[in-house]
file start-v3.pdb (PDB, C-alpha atoms)
ATOM      1  CA  MET K 193       0.000   0.000   0.000  1.00  0.00           C
ATOM      2  CA  THR K 194       1.344   3.426  -0.882  1.00  0.00           C
ATOM      3  CA  SER K 195       0.872   6.458   1.296  1.00  0.00           C
ATOM      4  CA  PRO K 196      -0.779   9.545  -0.158  1.00  0.00           C
ATOM      5  CA  THR K 197       1.573  12.042  -1.746  1.00  0.00           C
ATOM      6  CA  ARG K 198       2.521  14.845   0.579  1.00  0.00           C
ATOM      7  CA  PRO K 199       1.992  18.361  -0.811  1.00  0.00           C
ATOM      8  CA  ASP K 200       5.742  19.033  -0.741  1.00  0.00           C
ATOM      9  CA  ASP K 201       6.329  15.864  -2.819  1.00  0.00           C
ATOM     10  CA  ALA K 202       3.621  16.640  -5.376  1.00  0.00           C
ATOM     11  CA  HIS K 203       4.616  17.551  -8.926  1.00  0.00           C
ATOM     12  CA  PRO K 204       8.411  17.300  -8.632  1.00  0.00           C
ATOM     13  CA  TYR K 205       8.951  17.919 -12.343  1.00  0.00           C
ATOM     14  CA  LEU K 206       7.082  21.212 -12.237  1.00  0.00           C
ATOM     15  CA  ARG K 207       9.170  22.282  -9.242  1.00  0.00           C
ATOM     16  CA  ALA K 208      12.344  21.314 -11.125  1.00  0.00           C
ATOM     17  CA  ALA K 209      11.248  23.284 -14.197  1.00  0.00           C
ATOM     18  CA  SER K 210      10.519  26.325 -12.031  1.00  0.00           C
ATOM     19  CA  ALA K 211      13.904  25.991 -10.337  1.00  0.00           C
ATOM     20  CA  GLY K 212      15.586  25.877 -13.743  1.00  0.00           C
ATOM     21  CA  ILE K 213      13.853  29.060 -14.834  1.00  0.00           C
ATOM     22  CA  ARG K 214      14.798  30.815 -11.582  1.00  0.00           C
ATOM     23  CA  HIS K 215      18.405  29.716 -12.121  1.00  0.00           C
ATOM     24  CA  HIS K 216      18.504  31.214 -15.611  1.00  0.00           C
ATOM     25  CA  ALA K 217      16.816  34.414 -14.426  1.00  0.00           C
ATOM     26  CA  ARG K 218      19.527  34.816 -11.766  1.00  0.00           C
ATOM     27  CA  ALA K 219      22.247  34.002 -14.311  1.00  0.00           C
ATOM     28  CA  LEU K 220      21.009  36.790 -16.573  1.00  0.00           C
ATOM     29  CA  ALA K 221      20.705  39.335 -13.737  1.00  0.00           C
ATOM     30  CA  PRO K 222      23.477  41.912 -13.928  1.00  0.00           C
ATOM     31  CA  SER K 223      25.928  42.081 -11.067  1.00  0.00           C
ATOM     32  CA  ASP K 224      27.732  45.237 -10.015  1.00  0.00           C
ATOM     33  CA  ALA K 225      30.898  44.164 -11.847  1.00  0.00           C
ATOM     34  CA  ASP K 226      29.318  42.750 -15.011  1.00  0.00           C
ATOM     35  CA  THR K 227      27.386  44.390 -17.775  1.00  0.00           C
ATOM     36  CA  PRO K 228      23.851  43.092 -18.314  1.00  0.00           C
ATOM     37  CA  LYS K 229      23.688  40.051 -20.572  1.00  0.00           C
ATOM     38  CA  SER K 230      21.470  40.180 -23.616  1.00  0.00           C
ATOM     39  CA  GLY K 231      19.090  37.343 -24.287  1.00  0.00           C
ATOM     40  CA  ASP K 232      20.236  35.007 -27.017  1.00  0.00           C
ATOM     41  CA  ARG K 233      18.434  32.771 -29.457  1.00  0.00           C
ATOM     42  CA  LEU K 234      19.198  29.628 -27.492  1.00  0.00           C
ATOM     43  CA  HIS K 235      17.607  31.006 -24.308  1.00  0.00           C
ATOM     44  CA  LEU K 236      14.556  32.187 -26.192  1.00  0.00           C
ATOM     45  CA  ASP K 237      14.222  28.896 -28.060  1.00  0.00           C
ATOM     46  CA  VAL K 238      14.306  26.873 -24.844  1.00  0.00           C
ATOM     47  CA  LEU K 239      11.968  29.330 -23.116  1.00  0.00           C
ATOM     48  CA  HIS K 240       9.557  29.066 -26.055  1.00  0.00           C
ATOM     49  CA  ALA K 241       9.565  25.282 -25.739  1.00  0.00           C
ATOM     50  CA  HIS K 242       8.865  25.604 -22.004  1.00  0.00           C
ATOM     51  CA  LEU K 243       5.992  28.021 -22.606  1.00  0.00           C
ATOM     52  CA  THR K 244       4.554  25.741 -25.277  1.00  0.00           C
ATOM     53  CA  ALA K 245       4.610  22.783 -22.877  1.00  0.00           C
ATOM     54  CA  LEU K 246       3.046  24.992 -20.205  1.00  0.00           C
ATOM     55  CA  LEU K 247       0.261  25.892 -22.640  1.00  0.00           C
ATOM     56  CA  GLN K 248      -0.495  22.214 -23.153  1.00  0.00           C
ATOM     57  CA  LEU K 249      -0.577  21.613 -19.399  1.00  0.00           C
ATOM     58  CA  LEU K 250      -2.822  24.621 -18.875  1.00  0.00           C
ATOM     59  CA  ASP K 251      -5.202  23.341 -21.563  1.00  0.00           C
ATOM     60  CA  ARG K 252      -5.507  19.982 -19.840  1.00  0.00           C
ATOM     61  CA  LEU K 253      -6.023  21.604 -16.451  1.00  0.00           C
ATOM     62  CA  ALA K 254      -8.721  23.865 -17.887  1.00  0.00           C
ATOM     63  CA  ASP K 255     -10.470  20.939 -19.600  1.00  0.00           C
ATOM     64  CA  ASN K 256     -10.495  18.930 -16.374  1.00  0.00           C
ATOM     65  CA  THR K 257     -11.498  21.873 -14.180  1.00  0.00           C
ATOM     66  CA  ARG K 258     -14.186  23.420 -16.360  1.00  0.00           C
ATOM     67  CA  PRO K 259     -17.017  20.865 -15.914  1.00  0.00           C
ATOM     68  CA  PRO K 260     -17.083  20.769 -12.097  1.00  0.00           C
ATOM     69  CA  HIS K 261     -15.896  24.383 -11.591  1.00  0.00           C
ATOM     70  CA  PRO K 262     -16.907  26.592 -14.549  1.00  0.00           C
ATOM     71  CA  ALA K 263     -15.686  29.872 -13.030  1.00  0.00           C
ATOM     72  CA  ALA K 264     -12.223  28.452 -12.329  1.00  0.00           C
ATOM     73  CA  GLY K 265     -12.192  26.979 -15.842  1.00  0.00           C
ATOM     74  CA  ARG K 266     -12.878  30.430 -17.305  1.00  0.00           C
ATOM     75  CA  HIS K 267      -9.931  31.862 -15.372  1.00  0.00           C
ATOM     76  CA  LEU K 268      -7.691  29.100 -16.676  1.00  0.00           C
ATOM     77  CA  ALA K 269      -8.935  29.805 -20.219  1.00  0.00           C
ATOM     78  CA  THR K 270      -8.038  33.472 -19.752  1.00  0.00           C
ATOM     79  CA  ALA K 271      -4.611  32.463 -18.446  1.00  0.00           C
ATOM     80  CA  HIS K 272      -4.190  30.285 -21.547  1.00  0.00           C
ATOM     81  CA  THR K 273      -4.901  33.246 -23.819  1.00  0.00           C
ATOM     82  CA  ARG K 274      -2.391  35.462 -22.059  1.00  0.00           C
ATOM     83  CA  LEU K 275       0.245  32.749 -21.963  1.00  0.00           C
ATOM     84  CA  TRP K 276      -0.290  32.118 -25.678  1.00  0.00           C
ATOM     85  CA  GLN K 277       0.287  35.846 -26.292  1.00  0.00           C
ATOM     86  CA  ALA K 278       3.516  35.731 -24.273  1.00  0.00           C
ATOM     87  CA  THR K 279       4.643  32.604 -26.122  1.00  0.00           C
ATOM     88  CA  SER K 280       3.998  34.292 -29.447  1.00  0.00           C
ATOM     89  CA  GLU K 281       6.004  37.377 -28.403  1.00  0.00           C
ATOM     90  CA  VAL K 282       8.959  35.242 -27.241  1.00  0.00           C
ATOM     91  CA  HIS K 283       8.854  33.518 -30.626  1.00  0.00           C
ATOM     92  CA  ALA K 284       8.837  36.877 -32.436  1.00  0.00           C
ATOM     93  CA  ALA K 285      11.788  38.109 -30.340  1.00  0.00           C
ATOM     94  CA  PHE K 286      13.697  34.936 -31.218  1.00  0.00           C
ATOM     95  CA  HIS K 287      13.440  35.798 -34.914  1.00  0.00           C
ATOM     96  CA  LEU K 288      14.591  39.373 -34.336  1.00  0.00           C
ATOM     97  CA  LEU K 289      17.866  38.357 -32.709  1.00  0.00           C
ATOM     98  CA  PRO K 290      20.852  37.778 -34.957  1.00  0.00           C
ATOM     99  CA  GLY K 291      21.576  34.181 -35.822  1.00  0.00           C
ATOM    100  CA  THR K 292      23.722  32.166 -38.142  1.00  0.00           C
ATOM    101  CA  PRO K 293      22.535  31.672 -41.724  1.00  0.00           C
ATOM    102  CA  GLN K 294      22.080  27.957 -40.978  1.00  0.00           C
ATOM    103  CA  ALA K 295      19.941  28.710 -37.908  1.00  0.00           C
ATOM    104  CA  ASP K 296      17.897  31.208 -39.922  1.00  0.00           C
ATOM    105  CA  ALA K 297      17.230  28.585 -42.605  1.00  0.00           C
ATOM    106  CA  GLU K 298      16.267  25.965 -39.991  1.00  0.00           C
ATOM    107  CA  THR K 299      13.818  28.275 -38.222  1.00  0.00           C
ATOM    108  CA  SER K 300      12.320  30.106 -41.200  1.00  0.00           C
ATOM    109  CA  ALA K 301       9.329  27.735 -41.388  1.00  0.00           C
ATOM    110  CA  CYS K 302       8.592  27.650 -37.656  1.00  0.00           C
ATOM    111  CA  GLN K 303       5.974  30.437 -37.659  1.00  0.00           C
ATOM    112  CA  SER K 304       3.248  27.851 -38.203  1.00  0.00           C
ATOM    113  CA  LEU K 305       4.295  26.008 -35.032  1.00  0.00           C
ATOM    114  CA  VAL K 306       3.347  28.929 -32.797  1.00  0.00           C
ATOM    115  CA  TRP K 307      -0.101  29.209 -34.311  1.00  0.00           C
ATOM    116  CA  ALA K 308      -0.696  25.451 -34.147  1.00  0.00           C
ATOM    117  CA  VAL K 309      -0.251  25.449 -30.355  1.00  0.00           C
ATOM    118  CA  ALA K 310      -3.187  27.725 -29.639  1.00  0.00           C
TER
END

call {"tool": "encode", "arguments": {"input": "start-v3.pdb", "output": "structure tokens"}}
result
Amino acid sequence: MTSPTRPDDAHPYLRAASAGIRHHARALAPSDADTPKSGDRLHLDVLHAHLTALLQLLDRLADNTRPPHPAAGRHLATAHTRLWQATSEVHAAFHLLPGTPQADAETSACQSLVWAVA
């Protein structure tokens, strides 16, 4: 027989993902001695993938929450819309940063991926 999951043990992968994002936010924060670091394509690409996965999770949560709790489901649907907007803007910023010609060729057709997530 297994014991119920304690709240501090629940969703360890989400906690790890959040810790990773906090780590990168601290790494990009300027120190007194260093100049601020600009975002690069790699950071934005990985962040876009994270946001896309978060959109999928939010969709599933909204679908499961909506029938028994319609008001909460509406809030999650609103959160989905705003997160989709943020994801789209991160994607647009990615394309505005300089990249190698090979990277530009590999990502030139990815616009349709952002719209397919919504």

call {"tool": "atom_distance", "arguments": {"input": "start-v3.pdb", "atom1": "CA of His235 (chain K)", "atom2": "CA of Pro222 (chain K)"}}
result
16.2 Å

call {"tool": "residues_near_point", "arguments": {"input": "start-v3.pdb", "point": "(-3.2, 30.5, -18.8)", "cutoff": "10 Å", "atoms": "all atoms listed in the file", "output": "ChimeraX atom specification"}}
result
/K:246-251,253-254,266-277

call {"tool": "resolve_selection", "arguments": {"input": "start-v3.pdb", "expression": "the PyMOL selection byres ((chain K and resi 209-219) around 9)", "output": "list in words"}}
result
Pro204, Tyr205, Leu206, Arg207, Ala208, Leu220, Ala221, Pro222, Lys229, His235, Leu239 and His242 of chain K

call {"tool": "axis_aligned_box", "arguments": {"input": "start-v3.pdb", "around": "region 253-265 of chain K", "padding_each_side": "8 Å", "output": "JSON"}}
result
{"center_x": -11.6, "center_y": 24.4, "center_z": -15.6, "size_x": 27.1, "size_y": 26.9, "size_z": 24.0}

call {"tool": "closest_residue", "arguments": {"input": "start-v3.pdb", "among": "K:Asp232, K:Ala264, K:Asn256, K:Thr244", "to": "Phe286 (chain K)", "atoms": "all atoms listed in the file"}}
result
K:Asp232

call {"tool": "atom_distance", "arguments": {"input": "start-v3.pdb", "atom1": "CA of Ala202 (chain K)", "atom2": "CA of Asp237 (chain K)"}}
result
27.9 Å

call {"tool": "atom_distance", "arguments": {"input": "start-v3.pdb", "atom1": "CA of Ser230 (chain K)", "atom2": "CA of Ala285 (chain K)"}}
result
12.0 Å

call {"tool": "closest_residue", "arguments": {"input": "start-v3.pdb", "among": "K:Pro290, K:His240, K:Glu281, K:Gly265", "to": "Arg252 (chain K)", "atoms": "only C-alpha atoms"}}
result
K:Gly265

call {"tool": "build_atoms", "arguments": {"input": "start-v3.pdb", "residues": "region 200-213 of chain K", "atoms": "N, CA and C atoms", "output": "tab-separated table (two decimals), in the frame of the given file"}}
result
chain	number	residue	atom	x	y	z
K	200	ASP	N	4.39	18.62	-0.37
K	200	ASP	CA	5.74	19.03	-0.74
K	200	ASP	C	6.39	18.04	-1.71
K	201	ASP	N	5.81	16.85	-1.86
K	201	ASP	CA	6.33	15.86	-2.82
K	201	ASP	C	5.55	15.88	-4.13
K	202	ALA	N	4.47	16.62	-4.19
K	202	ALA	CA	3.62	16.64	-5.38
K	202	ALA	C	4.30	17.40	-6.52
K	203	HIS	N	4.17	16.89	-7.70
K	203	HIS	CA	4.62	17.55	-8.93
K	203	HIS	C	6.10	17.93	-8.93
K	204	PRO	N	6.98	16.98	-8.71
K	204	PRO	CA	8.41	17.30	-8.63
K	204	PRO	C	8.97	17.85	-9.95
K	205	TYR	N	8.42	17.43	-11.07
K	205	TYR	CA	8.95	17.92	-12.34
K	205	TYR	C	8.60	19.38	-12.57
K	206	LEU	N	7.43	19.79	-12.13
K	206	LEU	CA	7.08	21.21	-12.24
K	206	LEU	C	7.98	22.06	-11.35
K	207	ARG	N	8.26	21.55	-10.13
K	207	ARG	CA	9.17	22.28	-9.24
K	207	ARG	C	10.57	22.38	-9.86
K	208	ALA	N	11.02	21.30	-10.49
K	208	ALA	CA	12.34	21.31	-11.12
K	208	ALA	C	12.38	22.30	-12.29
K	209	ALA	N	11.31	22.34	-13.08
K	209	ALA	CA	11.25	23.28	-14.20
K	209	ALA	C	11.27	24.72	-13.68
K	210	SER	N	10.53	24.98	-12.62
K	210	SER	CA	10.52	26.32	-12.03
K	210	SER	C	11.90	26.69	-11.49
K	211	ALA	N	12.56	25.74	-10.85
K	211	ALA	CA	13.90	25.99	-10.34
K	211	ALA	C	14.87	26.31	-11.47
K	212	GLY	N	14.74	25.61	-12.59
K	212	GLY	CA	15.59	25.88	-13.74
K	212	GLY	C	15.38	27.28	-14.29
K	213	ILE	N	14.14	27.71	-14.34
K	213	ILE	CA	13.85	29.06	-14.83
K	213	ILE	C	14.40	30.11	-13.87
